[in-house]
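Raw work-v1.cif, mmCIF, C-alpha atoms:
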```cif
data_protein
loop_
_atom_site.label_atom_id
_atom_site.label_comp_id
_atom_site.auth_asym_id
_atom_site.auth_seq_id
_atom_site.Cartn_x
_atom_site.Cartn_y
_atom_site.Cartn_z
CA MET A 1 -125.81 0.74 171.15
CA SER A 2 -127.22 -2.53 172.53
CA LYS A 3 -125.06 -5.63 172.39
CA HIS A 4 -127.60 -7.31 170.10
CA LEU A 5 -127.60 -4.43 167.64
CA ALA A 6 -123.80 -4.35 167.62
CA ARG A 7 -123.74 -8.08 166.90
CA ASP A 8 -126.30 -7.77 164.11
CA LEU A 9 -124.46 -4.85 162.52
CA GLU A 10 -121.22 -6.83 162.60
CA SER A 11 -122.94 -9.75 160.94
CA LEU A 12 -124.39 -7.37 158.31
CA GLN A 13 -120.93 -5.99 157.60
CA ARG A 14 -119.53 -9.51 157.30
CA ASN A 15 -122.24 -10.49 154.83
CA LEU A 16 -121.68 -7.33 152.82
CA LEU A 17 -117.99 -8.15 152.63
CA GLY A 18 -118.85 -11.66 151.52
CA MET A 19 -120.93 -10.28 148.67
CA ALA A 20 -118.27 -7.68 147.85
CA GLY A 21 -115.63 -10.42 147.60
CA ARG A 22 -117.76 -12.34 145.13
CA VAL A 23 -118.43 -9.26 143.02
CA GLU A 24 -114.78 -8.24 143.01
CA GLU A 25 -113.82 -11.73 141.87
CA ALA A 26 -116.45 -11.58 139.13
CA ILE A 27 -115.06 -8.27 137.87
CA TYR A 28 -111.45 -9.49 137.89
CA SER A 29 -112.43 -12.73 136.17
CA ALA A 30 -114.54 -10.92 133.58
CA ALA A 31 -111.63 -8.59 132.88
CA LYS A 32 -109.18 -11.47 132.64
CA ALA A 33 -111.51 -13.43 130.36
CA LEU A 34 -111.86 -10.42 128.05
CA ARG A 35 -108.10 -9.87 127.94
CA ASP A 36 -107.21 -13.52 127.35
CA GLN A 37 -110.31 -14.25 125.22
CA ASP A 38 -111.01 -17.04 127.70
CA VAL A 39 -114.58 -18.20 127.06
CA ALA A 40 -114.54 -20.87 129.79
CA LEU A 41 -113.69 -18.24 132.42
CA ALA A 42 -116.38 -15.93 131.00
CA ASP A 43 -118.91 -18.76 131.36
CA GLN A 44 -117.90 -19.13 135.01
CA VAL A 45 -118.61 -15.45 135.61
CA ILE A 46 -122.04 -15.81 134.02
CA ALA A 47 -122.85 -18.90 136.08
CA GLY A 48 -121.73 -17.21 139.31
CA ASP A 49 -124.20 -14.32 139.09
CA GLU A 50 -127.07 -16.24 140.64
CA ALA A 51 -125.11 -16.60 143.89
CA ILE A 52 -124.47 -12.85 143.94
CA ASP A 53 -128.16 -12.09 143.43
CA HIS A 54 -128.97 -14.47 146.26
CA LEU A 55 -126.53 -12.65 148.55
CA GLU A 56 -128.16 -9.33 147.59
CA ASN A 57 -131.57 -10.59 148.62
CA GLU A 58 -130.19 -11.90 151.91
CA LEU A 59 -128.54 -8.57 152.70
CA TYR A 60 -131.72 -6.75 151.85
CA GLU A 61 -133.65 -8.97 154.27
CA ASP A 62 -130.93 -8.55 156.94
CA CYS A 63 -131.24 -4.76 156.74
CA LEU A 64 -135.01 -4.95 157.11
CA LYS A 65 -134.76 -7.28 160.07
CA ILE A 66 -132.32 -5.00 161.87
CA LEU A 67 -134.49 -1.97 161.18
CA ALA A 68 -137.58 -3.74 162.47
CA LEU A 69 -135.94 -5.34 165.50
CA HIS A 70 -133.66 -2.58 166.77
CA GLN A 71 -135.09 0.59 165.24
CA PRO A 72 -131.61 2.09 165.12
CA VAL A 73 -131.08 5.83 164.92
CA ALA A 74 -128.39 8.32 163.89
CA VAL A 75 -125.11 6.78 162.78
CA ASP A 76 -126.40 3.17 162.97
CA LEU A 77 -129.36 4.07 160.79
CA ARG A 78 -127.09 5.82 158.32
CA ARG A 79 -124.85 2.78 158.16
CA ILE A 80 -127.80 0.55 157.31
CA THR A 81 -129.09 2.83 154.58
CA ALA A 82 -125.55 3.05 153.20
CA THR A 83 -125.47 -0.76 153.24
CA PHE A 84 -128.66 -0.76 151.17
CA HIS A 85 -127.03 1.53 148.65
CA VAL A 86 -123.75 -0.38 148.53
CA THR A 87 -125.62 -3.65 148.10
CA THR A 88 -127.48 -2.20 145.11
CA ASP A 89 -124.22 -0.94 143.61
CA LEU A 90 -122.54 -4.30 144.14
CA GLU A 91 -125.38 -6.17 142.50
CA ARG A 92 -125.25 -3.86 139.48
CA MET A 93 -121.47 -4.36 139.25
CA GLY A 94 -122.04 -8.11 139.29
CA ASP A 95 -124.52 -7.72 136.43
CA LEU A 96 -122.03 -5.59 134.50
CA ALA A 97 -119.32 -8.24 135.01
CA VAL A 98 -121.77 -10.73 133.48
CA GLU A 99 -122.38 -8.40 130.56
CA ILE A 100 -118.64 -8.10 129.96
CA ALA A 101 -118.38 -11.89 130.12
CA GLU A 102 -121.20 -12.15 127.58
CA ARG A 103 -119.29 -9.80 125.27
CA THR A 104 -116.26 -12.08 125.65
CA VAL A 105 -118.39 -15.04 124.59
CA ALA A 106 -119.72 -13.01 121.63
CA LEU A 107 -116.15 -12.10 120.64
CA ALA A 108 -114.97 -15.73 120.70
CA GLY A 109 -112.89 -16.51 117.67
CA SER A 110 -112.66 -12.86 116.65
CA PRO A 111 -109.19 -12.12 115.29
CA ALA A 112 -109.17 -8.57 116.72
CA PRO A 113 -107.47 -8.28 120.12
CA PRO A 114 -108.97 -5.70 122.52
CA PRO A 115 -107.27 -2.28 122.36
CA ALA A 116 -104.37 -1.98 124.83
CA ASP A 117 -106.09 0.92 126.58
CA LEU A 118 -109.07 -1.32 127.32
CA LEU A 119 -106.79 -3.56 129.37
CA ARG A 120 -105.44 -0.55 131.25
CA MET A 121 -108.97 0.65 131.84
CA THR A 122 -109.92 -2.81 133.12
CA ASP A 123 -107.13 -2.80 135.70
CA LEU A 124 -107.97 0.72 136.76
CA ALA A 125 -111.70 0.02 137.16
CA ALA A 126 -111.12 -3.20 139.10
CA GLY A 127 -108.69 -1.34 141.36
CA LEU A 128 -111.28 1.37 142.01
CA VAL A 129 -113.79 -1.23 143.13
CA ARG A 130 -111.30 -2.70 145.59
CA GLN A 131 -110.36 0.73 146.96
CA ALA A 132 -113.99 1.87 147.27
CA LEU A 133 -114.82 -1.22 149.30
CA ASP A 134 -111.71 -0.80 151.45
CA ALA A 135 -112.75 2.80 152.08
CA PHE A 136 -116.25 1.67 153.03
CA VAL A 137 -115.08 -0.97 155.46
CA SER A 138 -112.49 1.22 157.16
CA GLY A 139 -114.48 4.47 156.91
CA ASP A 140 -111.51 6.03 155.12
CA GLU A 141 -112.80 9.28 153.65
CA ARG A 142 -109.43 10.20 152.13
CA LEU A 143 -109.29 6.96 150.16
CA ALA A 144 -112.94 7.47 149.13
CA ARG A 145 -112.15 10.90 147.72
CA ARG A 146 -109.20 9.39 145.85
CA VAL A 147 -111.57 6.90 144.17
CA ILE A 148 -113.84 9.76 143.12
CA ARG A 149 -110.87 11.57 141.54
CA LEU A 150 -109.53 8.46 139.77
CA ASP A 151 -112.89 7.90 138.11
CA ASP A 152 -112.02 10.86 135.85
CA GLU A 153 -109.03 8.88 134.56
CA VAL A 154 -111.37 5.99 133.69
CA ASP A 155 -113.62 8.41 131.79
CA ARG A 156 -110.61 9.76 129.88
CA LEU A 157 -109.46 6.27 128.85
CA HIS A 158 -113.04 5.43 127.90
CA ALA A 159 -113.18 8.34 125.44
CA GLU A 160 -109.83 7.33 123.90
CA ILE A 161 -110.87 3.73 123.42
CA ILE A 162 -114.15 4.72 121.74
CA ALA A 163 -112.23 6.90 119.27
CA ASP A 164 -109.88 3.98 118.55
CA LEU A 165 -112.77 1.56 118.00
CA ILE A 166 -114.58 3.96 115.65
CA ALA A 167 -111.41 4.23 113.52
CA ARG A 168 -111.12 0.42 113.35
CA MET A 169 -114.77 -0.04 112.42
CA ARG A 170 -114.68 2.63 109.73
CA ALA A 171 -111.60 1.05 108.18
CA ASP A 172 -112.95 -2.50 108.02
CA PRO A 173 -116.56 -3.80 107.84
CA ALA A 174 -115.38 -7.05 109.45
CA ALA A 175 -114.42 -5.00 112.52
CA VAL A 176 -117.98 -3.70 113.03
CA GLU A 177 -119.45 -6.60 114.95
CA PRO A 178 -116.47 -7.29 117.27
CA GLY A 179 -116.10 -3.51 117.59
CA LEU A 180 -119.63 -3.24 119.00
CA SER A 181 -118.86 -5.92 121.57
CA LEU A 182 -115.68 -4.11 122.63
CA PHE A 183 -117.61 -0.84 122.68
CA SER A 184 -120.13 -2.41 125.06
CA ALA A 185 -117.49 -4.02 127.27
CA CYS A 186 -115.76 -0.67 127.54
CA ARG A 187 -118.99 1.05 128.46
CA HIS A 188 -119.72 -1.61 131.12
CA LEU A 189 -116.29 -1.05 132.65
CA GLU A 190 -116.94 2.66 132.80
CA ARG A 191 -120.23 1.93 134.59
CA ILE A 192 -118.45 -0.36 137.06
CA ALA A 193 -116.11 2.51 137.91
CA ASP A 194 -119.18 4.76 138.33
CA HIS A 195 -120.63 2.34 140.85
CA ALA A 196 -117.30 2.29 142.70
CA THR A 197 -117.60 6.07 142.79
CA ASN A 198 -121.14 5.76 144.20
CA ILE A 199 -119.76 3.62 147.02
CA ALA A 200 -116.98 6.13 147.64
CA GLU A 201 -119.64 8.86 147.83
CA ASP A 202 -121.52 6.80 150.41
CA VAL A 203 -118.33 6.64 152.48
CA VAL A 204 -117.98 10.41 152.41
CA TYR A 205 -121.66 10.68 153.29
CA LEU A 206 -121.25 8.32 156.21
CA VAL A 207 -118.16 10.07 157.47
CA GLU A 208 -119.35 13.60 156.94
CA GLY A 209 -123.04 12.95 157.43
CA GLU A 210 -123.84 14.81 154.27
CA ILE A 211 -124.80 13.87 150.78
CA ILE A 212 -122.26 14.58 148.07
CA ARG A 213 -123.94 12.39 145.45
CA HIS A 214 -124.91 14.68 142.58
CA ARG A 215 -122.87 17.69 143.61
CA PRO A 216 -121.24 19.39 140.63
CA GLU A 217 -117.96 17.68 139.71
CA SER A 218 -115.89 20.65 140.91
CA ALA A 219 -117.17 20.20 144.47
CA ARG A 220 -116.32 16.50 144.53
CA GLY A 221 -113.15 14.59 145.15
CA GLY A 222 -111.42 17.73 146.40
CA MET B 1 -150.29 3.70 162.45
CA SER B 2 -150.00 7.11 164.14
CA LYS B 3 -151.56 10.14 162.46
CA HIS B 4 -148.11 11.71 162.13
CA LEU B 5 -146.63 8.67 160.44
CA ALA B 6 -149.60 8.48 158.05
CA ARG B 7 -149.12 12.15 157.18
CA ASP B 8 -145.38 11.73 156.60
CA LEU B 9 -145.90 8.64 154.44
CA GLU B 10 -148.45 10.54 152.35
CA SER B 11 -145.99 13.38 151.90
CA LEU B 12 -143.28 10.86 150.94
CA GLN B 13 -145.59 9.33 148.33
CA ARG B 14 -146.41 12.79 146.97
CA ASN B 15 -142.73 13.67 146.65
CA LEU B 16 -142.00 10.34 144.97
CA LEU B 17 -144.76 11.04 142.47
CA GLY B 18 -143.32 14.49 141.89
CA MET B 19 -139.95 12.96 141.07
CA ALA B 20 -141.58 10.23 138.95
CA GLY B 21 -143.43 12.88 136.92
CA ARG B 22 -140.18 14.67 136.17
CA VAL B 23 -138.42 11.46 135.17
CA GLU B 24 -141.30 10.36 132.96
CA GLU B 25 -141.26 13.72 131.22
CA ALA B 26 -137.49 13.44 130.73
CA ILE B 27 -137.90 10.01 129.13
CA TYR B 28 -140.70 11.14 126.80
CA SER B 29 -138.77 14.26 125.84
CA ALA B 30 -135.56 12.32 125.26
CA ALA B 31 -137.48 9.87 123.07
CA LYS B 32 -139.18 12.69 121.14
CA ALA B 33 -135.86 14.52 120.69
CA LEU B 34 -134.25 11.35 119.32
CA ARG B 35 -137.15 10.70 116.93
CA ASP B 36 -137.38 14.28 115.65
CA GLN B 37 -133.62 14.93 115.85
CA ASP B 38 -134.52 17.91 118.03
CA VAL B 39 -131.30 19.11 119.67
CA ALA B 40 -132.96 21.97 121.59
CA LEU B 41 -135.31 19.52 123.30
CA ALA B 42 -132.39 17.18 124.02
CA ASP B 43 -130.57 20.09 125.67
CA GLN B 44 -133.60 20.71 127.87
CA VAL B 45 -133.52 17.09 129.05
CA ILE B 46 -129.82 17.41 129.90
CA ALA B 47 -130.40 20.68 131.79
CA GLY B 48 -133.31 19.19 133.73
CA ASP B 49 -131.31 16.38 135.31
CA GLU B 50 -130.00 18.48 138.16
CA ALA B 51 -133.54 19.04 139.44
CA ILE B 52 -134.15 15.27 139.36
CA ASP B 53 -130.97 14.59 141.32
CA HIS B 54 -132.04 17.19 143.85
CA LEU B 55 -135.41 15.46 144.26
CA GLU B 56 -133.63 12.15 144.76
CA ASN B 57 -131.56 13.58 147.60
CA GLU B 58 -134.66 15.08 149.21
CA LEU B 59 -136.50 11.78 149.06
CA TYR B 60 -133.52 9.99 150.50
CA GLU B 61 -133.47 12.44 153.43
CA ASP B 62 -137.26 12.12 153.85
CA CYS B 63 -136.98 8.33 154.16
CA LEU B 64 -134.24 8.66 156.77
CA LYS B 65 -136.25 11.19 158.77
CA ILE B 66 -139.32 8.96 158.81
CA LEU B 67 -137.25 5.95 159.83
CA ALA B 68 -135.60 7.90 162.64
CA LEU B 69 -138.73 9.66 163.85
CA HIS B 70 -141.38 6.95 163.64
CA GLN B 71 -139.38 3.72 163.57
CA PRO B 72 -142.04 2.11 161.42
CA VAL B 73 -142.45 -1.66 161.22
CA ALA B 74 -144.00 -4.28 158.94
CA VAL B 75 -145.85 -2.92 155.91
CA ASP B 76 -144.86 0.72 156.58
CA LEU B 77 -141.20 -0.24 156.78
CA ARG B 78 -141.51 -2.23 153.56
CA ARG B 79 -143.08 0.74 151.82
CA ILE B 80 -140.19 2.96 152.84
CA THR B 81 -137.53 0.53 151.69
CA ALA B 82 -139.45 0.13 148.43
CA THR B 83 -139.46 3.92 148.12
CA PHE B 84 -135.66 3.84 148.51
CA HIS B 85 -135.46 1.34 145.67
CA VAL B 86 -137.88 3.14 143.41
CA THR B 87 -136.08 6.44 144.00
CA THR B 88 -132.80 4.82 142.93
CA ASP B 89 -134.46 3.35 139.83
CA LEU B 90 -136.02 6.71 138.94
CA GLU B 91 -132.74 8.53 139.29
CA ARG B 92 -131.03 5.99 137.03
CA MET B 93 -133.81 6.36 134.46
CA GLY B 94 -133.30 10.13 134.58
CA ASP B 95 -129.59 9.58 133.92
CA LEU B 96 -130.40 7.27 131.02
CA ALA B 97 -132.77 9.87 129.54
CA VAL B 98 -129.85 12.31 129.69
CA GLU B 99 -127.61 9.79 127.97
CA ILE B 100 -130.17 9.34 125.19
CA ALA B 101 -130.39 13.13 124.88
CA GLU B 102 -126.58 13.28 124.61
CA ARG B 103 -126.70 10.73 121.80
CA THR B 104 -129.26 12.94 120.04
CA VAL B 105 -126.86 15.88 120.32
CA ALA B 106 -124.04 13.68 118.99
CA LEU B 107 -126.24 12.60 116.08
CA ALA B 108 -127.11 16.20 115.13
CA GLY B 109 -126.83 16.68 111.38
CA SER B 110 -126.47 12.96 110.72
CA PRO B 111 -128.39 12.05 107.59
CA ALA B 112 -129.37 8.62 108.92
CA PRO B 113 -132.83 8.52 110.53
CA PRO B 114 -133.18 6.18 113.53
CA PRO B 115 -134.50 2.70 112.63
CA ALA B 116 -138.32 2.52 112.76
CA ASP B 117 -138.12 -0.21 115.40
CA LEU B 118 -136.19 2.15 117.68
CA LEU B 119 -139.18 4.48 117.70
CA ARG B 120 -141.50 1.59 118.54
CA MET B 121 -139.12 0.52 121.29
CA THR B 122 -139.09 4.08 122.63
CA ASP B 123 -142.89 4.20 122.91
CA LEU B 124 -142.98 0.78 124.51
CA ALA B 125 -140.28 1.60 127.09
CA ALA B 126 -141.85 4.95 128.01
CA GLY B 127 -145.21 3.20 128.39
CA LEU B 128 -143.65 0.60 130.69
CA VAL B 129 -142.31 3.33 132.96
CA ARG B 130 -145.76 4.92 133.23
CA GLN B 131 -147.43 1.58 133.94
CA ALA B 132 -144.81 0.55 136.52
CA LEU B 133 -145.34 3.80 138.41
CA ASP B 134 -149.12 3.48 138.20
CA ALA B 135 -148.80 -0.04 139.57
CA PHE B 136 -146.61 1.23 142.42
CA VAL B 137 -148.97 4.02 143.41
CA SER B 138 -152.10 1.90 143.27
CA GLY B 139 -150.47 -1.31 144.55
CA ASP B 140 -151.74 -3.07 141.42
CA GLU B 141 -149.89 -6.38 141.31
CA ARG B 142 -151.63 -7.49 138.10
CA LEU B 143 -150.41 -4.42 136.23
CA ALA B 144 -146.93 -4.90 137.72
CA ARG B 145 -146.79 -8.45 136.36
CA ARG B 146 -147.89 -7.15 132.98
CA VAL B 147 -144.91 -4.75 132.98
CA ILE B 148 -142.56 -7.62 133.77
CA ARG B 149 -143.96 -9.60 130.83
CA LEU B 150 -143.82 -6.67 128.38
CA ASP B 151 -140.14 -6.15 129.12
CA ASP B 152 -139.51 -9.29 127.04
CA GLU B 153 -140.98 -7.48 124.03
CA VAL B 154 -138.54 -4.62 124.59
CA ASP B 155 -135.66 -7.12 124.68
CA ARG B 156 -136.87 -8.67 121.42
CA LEU B 157 -137.04 -5.29 119.65
CA HIS B 158 -133.62 -4.43 121.07
CA ALA B 159 -132.06 -7.51 119.45
CA GLU B 160 -133.71 -6.70 116.08
CA ILE B 161 -132.49 -3.11 116.10
CA ILE B 162 -128.91 -4.14 116.90
CA ALA B 163 -128.94 -6.54 113.94
CA ASP B 164 -130.25 -3.74 111.69
CA LEU B 165 -127.58 -1.30 112.91
CA ILE B 166 -124.78 -3.81 112.37
CA ALA B 167 -125.94 -4.32 108.77
CA ARG B 168 -125.95 -0.55 108.17
CA MET B 169 -122.51 -0.04 109.68
CA ARG B 170 -120.97 -2.91 107.73
CA ALA B 171 -122.37 -1.52 104.49
CA ASP B 172 -121.14 2.05 104.95
CA PRO B 173 -118.16 3.42 106.96
CA ALA B 174 -120.00 6.74 107.27
CA ALA B 175 -122.71 4.91 109.20
CA VAL B 176 -120.29 3.73 111.91
CA GLU B 177 -120.26 6.80 114.12
CA PRO B 178 -124.02 7.58 114.02
CA GLY B 179 -124.60 3.82 114.30
CA LEU B 180 -122.72 3.73 117.62
CA SER B 181 -124.85 6.58 118.96
CA LEU B 182 -128.04 4.77 117.93
CA PHE B 183 -126.64 1.54 119.40
CA SER B 184 -126.10 3.37 122.72
CA ALA B 185 -129.51 5.07 122.67
CA CYS B 186 -131.11 1.69 122.05
CA ARG B 187 -129.19 0.14 124.89
CA HIS B 188 -130.20 2.99 127.25
CA LEU B 189 -133.85 2.46 126.34
CA GLU B 190 -133.52 -1.20 127.12
CA ARG B 191 -132.04 -0.27 130.52
CA ILE B 192 -134.92 2.15 131.18
CA ALA B 193 -137.34 -0.71 130.58
CA ASP B 194 -135.26 -2.86 132.98
CA HIS B 195 -135.63 -0.21 135.69
CA ALA B 196 -139.39 -0.11 135.06
CA THR B 197 -139.30 -3.87 135.58
CA ASN B 198 -137.40 -3.37 138.86
CA ILE B 199 -140.18 -1.06 140.06
CA ALA B 200 -142.80 -3.58 138.99
CA GLU B 201 -140.92 -6.22 140.98
CA ASP B 202 -140.99 -3.92 144.01
CA VAL B 203 -144.76 -3.70 143.64
CA VAL B 204 -145.10 -7.46 143.64
CA TYR B 205 -142.77 -7.56 146.64
CA LEU B 206 -144.86 -5.00 148.50
CA VAL B 207 -148.11 -6.73 147.67
CA GLU B 208 -146.93 -10.25 148.23
CA GLY B 209 -144.32 -9.50 150.85
CA GLU B 210 -141.83 -11.61 149.03
CA ILE B 211 -138.85 -10.89 146.85
CA ILE B 212 -139.18 -11.84 143.20
CA ARG B 213 -136.19 -9.77 142.05
CA HIS B 214 -133.69 -12.20 140.56
CA ARG B 215 -135.98 -15.19 140.28
CA PRO B 216 -135.37 -17.19 137.11
CA GLU B 217 -137.31 -15.67 134.17
CA SER B 218 -139.68 -18.61 134.02
CA ALA B 219 -140.94 -17.93 137.57
CA ARG B 220 -141.61 -14.26 136.86
CA GLY B 221 -144.41 -12.37 135.25
CA GLY B 222 -146.57 -15.47 135.20
#
```
For this file, produce the structure as structure tokens.
Amino acid sequence: MSKHLARDLESLQRNLLGMAGRVEEAIYSAAKALRDQDVALADQVIAGDEAIDHLENELYEDCLKILALHQPVAVDLRRITATFHVTTDLERMGDLAVEIAERTVALAGSPAPPPADLLRMTDLAAGLVRQALDAFVSGDERLARRVIRLDDEVDRLHAEIIADLIARMRADPAAVEPGLSLFSACRHLERIADHATNIAEDVVYLVEGEIIRHRPESARGG
Amino acid sequence: MSKHLARDLESLQRNLLGMAGRVEEAIYSAAKALRDQDVALADQVIAGDEAIDHLENELYEDCLKILALHQPVAVDLRRITATFHVTTDLERMGDLAVEIAERTVALAGSPAPPPADLLRMTDLAAGLVRQALDAFVSGDERLARRVIRLDDEVDRLHAEIIADLIARMRADPAAVEPGLSLFSACRHLERIADHATNIAEDVVYLVEGEIIRHRPESARGG
């Protein structure tokens, strides 16, 4: 690898980490705002999304420039295409954090606290994001496979929370509207965990040089 | 451009269209199954997703091979990165069609017909997907900008349907569970239209060589 390519790839990695840090913060803040019904914090998350989108566009341009300038092959090429993918996942996670924040704003003043499991799910999903990014940066396939396995736990909690919300909404018409917001927030969290899983799958792909995205569940996370 | 590169790009385009055709069919079928409460058709959509995921992986490999073999630059490089993006959007749309089909299965036997606006939204969203893909294939920036504008109409219908569903669910506890499924289906449709908008934005990017993803709404679709 040429010195220039190495330098550009390092800079790409640094920028990706910069974006990842912002997205992680958005997810944690969105989760905290939902838990504490903190509308001011939710507004901060919403306002911060523009910066994340800007970072996505910059990363996208960086990848193109490296491809055009260095025409990398093999593992370097794979790293850049993985960076494309991870950038897309990060941007979607940022959007989902905004959507959770918007649900928090919609819930403002609602007397119903979020179900306890939703808070557990929040912590779990935010932790998955952190671990998926750690696995990406360090090329840790073992950690990546752990993220893929833990996503099942998020899905299990998700199903429990939905059942709980349905019971609340059936019992009380006043619970319908806040229930829908909690239902959405819960769904967004589950999607965030899915994107963390996508990143983990990219790590396995990078390390093993094979695609495990879309394999049947039984072949994944083994 | 070398003859080999031209041939490989043509083949890439053909494969992308093949995948797009499958995804479009999945969306139409999912919409039809929801409207007609046709569980057998919904099951077909769910079963068909594996083939779409397979096509995504093939396209992803094709892009990598072309990048490695021909090291394309400028407009060819942009077309390949746009193909990456469009492939990702198509795969997500396929997943969303499956999620709509799953809601149809969940709704089976429910006495409540979907709101009329949901059917209008379905037609509109499916039409946007078709137009976005047409715009991509023909490089039609005007059509792409039309898609971006029409997405606002989808968002408007989405808001109306949610209000209608909330009213139904508040009025009748038995409407809560089917209401949540319709709420989800509606949300998935809105996301499908968003992905069509992403593709339309890629077209504008390809044609204009600039990124309009994430511009403020007022600067888009003008």
Mind running range 173-200 of chain A against range 153-166 of chain B at 12 Å and telling me each contacting residue's nearest atom pair with the distance in Å (one decimal), counting only C-alpha atoms, chain and number ascending, as a Markdown table?
```
| residue | atom | partner | partner_atom | distance |
| --- | --- | --- | --- | --- |
| A:Pro173 | CA | B:Ile166 | CA | 9.4 |
| A:Ala174 | CA | B:Ile166 | CA | 10.4 |
| A:Ala175 | CA | B:Ile166 | CA | 10.4 |
| A:Val176 | CA | B:Ile166 | CA | 6.8 |
| A:Glu177 | CA | B:Ile166 | CA | 6.5 |
| A:Pro178 | CA | B:Ile166 | CA | 10.3 |
| A:Gly179 | CA | B:Ile166 | CA | 10.1 |
| A:Leu180 | CA | B:Ile166 | CA | 8.4 |
| A:Ser181 | CA | B:Ile166 | CA | 11.1 |
```
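Among A:Val98, A:Ala74, A:Ala125, A:Arg92, the residue with the shortest atom-to-atom distance to Gln44 in chain A, counting all atoms listed in the file, is A:Val98.
Our summary of the geometry notes that CA of Ser29 in chain B is positioned 10.7 Å from CA of Thr122 in chain B.
Using only C-alpha atoms, the nearest neighbour of Leu41 in chain B within the list B:Ile100, B:Arg120, B:Glu190, B:Asp8 is B:Ile100.
Using only C-alpha atoms, one finds that the residues of chain B close to chain A, at 6 Å or less, are Ala68, Gln71, Val73, Arg170 and Pro173 of chain B.
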Can those selected residues be exported to a file as a PDB file, in the coordinates of the input so that it contains C-alpha atoms?
```
ATOM      1  CA  ALA B  68    -135.600   7.900 162.640  1.00  0.00           C
ATOM      2  CA  GLN B  71    -139.380   3.720 163.570  1.00  0.00           C
ATOM      3  CA  VAL B  73    -142.450  -1.660 161.220  1.00  0.00           C
ATOM      4  CA  ARG B 170    -120.970  -2.910 107.730  1.00  0.00           C
ATOM      5  CA  PRO B 173    -118.160   3.420 106.960  1.00  0.00           C
TER       6      PRO B 173
END
```
When distances are computed from all atoms listed in the file, which of B:Gly21, B:Gly127, B:Pro115, B:Gly109 shows the smallest separation from Glu91 in chain B? B:Gly21
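Each of A:Met93, A:Leu182, A:Leu12, A:Leu107 was checked against Ala196 in chain A using all atoms listed in the file; the smallest atom-to-atom distance is that of A:Met93.
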Just the number, please: distance in Å from CA of His4 in chain A to CA of Asp62 in chain A, one decimal. 13.6 Å
Name the residues that the PyMOL selection byres ((chain A and resi 31) around 12) picks from the file above, as a ChimeraX atom specification, using the file's chain letters and numbers. /A:24-30,32-39,41-42,45,96-104,114,118-127,182,185-186,188-189,192
Separating CA of Asp89 in chain B from CA of Arg191 in chain B, to the nearest tenth of an Å, is a gap of 10.3 Å
Need the axis-aligned box for range 3-7 of chain A with 6 Å each side, so what are the centre and edges in Å to one decimal, as AutoDock Vina command-line options?
```
--center_x -125.7 --center_y -6.2 --center_z 169.6 --size_x 15.9 --size_y 15.7 --size_z 17.5
```
Under the rule that only C-alpha atoms are counted, which of B:Ala193, B:Ala106, B:Ile66, B:Val86 is the nearest residue to Leu128 in chain B? B:Ala193
Spatial neighbours of Glu141 in chain B, max dist 12 Å, all atoms listed in the file, sep filter under 4 positions, as a compact mmCIF listing (two decimals) with C-alpha atoms, keeping the file's coordinate frame:
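Contents of selection-v6.txt, freshly written:
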```
# COMPACT_ATOMS: atom_id res chain seq x y z
CA GLN B 131 -147.43 1.58 133.94
CA ALA B 132 -144.81 0.55 136.52
CA LEU B 133 -145.34 3.80 138.41
CA ASP B 134 -149.12 3.48 138.20
CA ALA B 135 -148.80 -0.04 139.57
CA PHE B 136 -146.61 1.23 142.42
CA VAL B 137 -148.97 4.02 143.41
CA ARG B 145 -146.79 -8.45 136.36
CA ARG B 146 -147.89 -7.15 132.98
CA VAL B 147 -144.91 -4.75 132.98
CA ILE B 148 -142.56 -7.62 133.77
CA ILE B 199 -140.18 -1.06 140.06
CA ALA B 200 -142.80 -3.58 138.99
CA GLU B 201 -140.92 -6.22 140.98
CA ASP B 202 -140.99 -3.92 144.01
CA VAL B 203 -144.76 -3.70 143.64
CA VAL B 204 -145.10 -7.46 143.64
CA TYR B 205 -142.77 -7.56 146.64
CA LEU B 206 -144.86 -5.00 148.50
CA VAL B 207 -148.11 -6.73 147.67
CA GLU B 208 -146.93 -10.25 148.23
CA GLY B 209 -144.32 -9.50 150.85
CA GLY B 221 -144.41 -12.37 135.25
CA GLY B 222 -146.57 -15.47 135.20
```
I need the residue nearest Ser138 in chain B from this list: B:Arg7, B:Leu17, B:Leu90, B:Asp151. Use all atoms listed in the file for the distance. B:Leu17
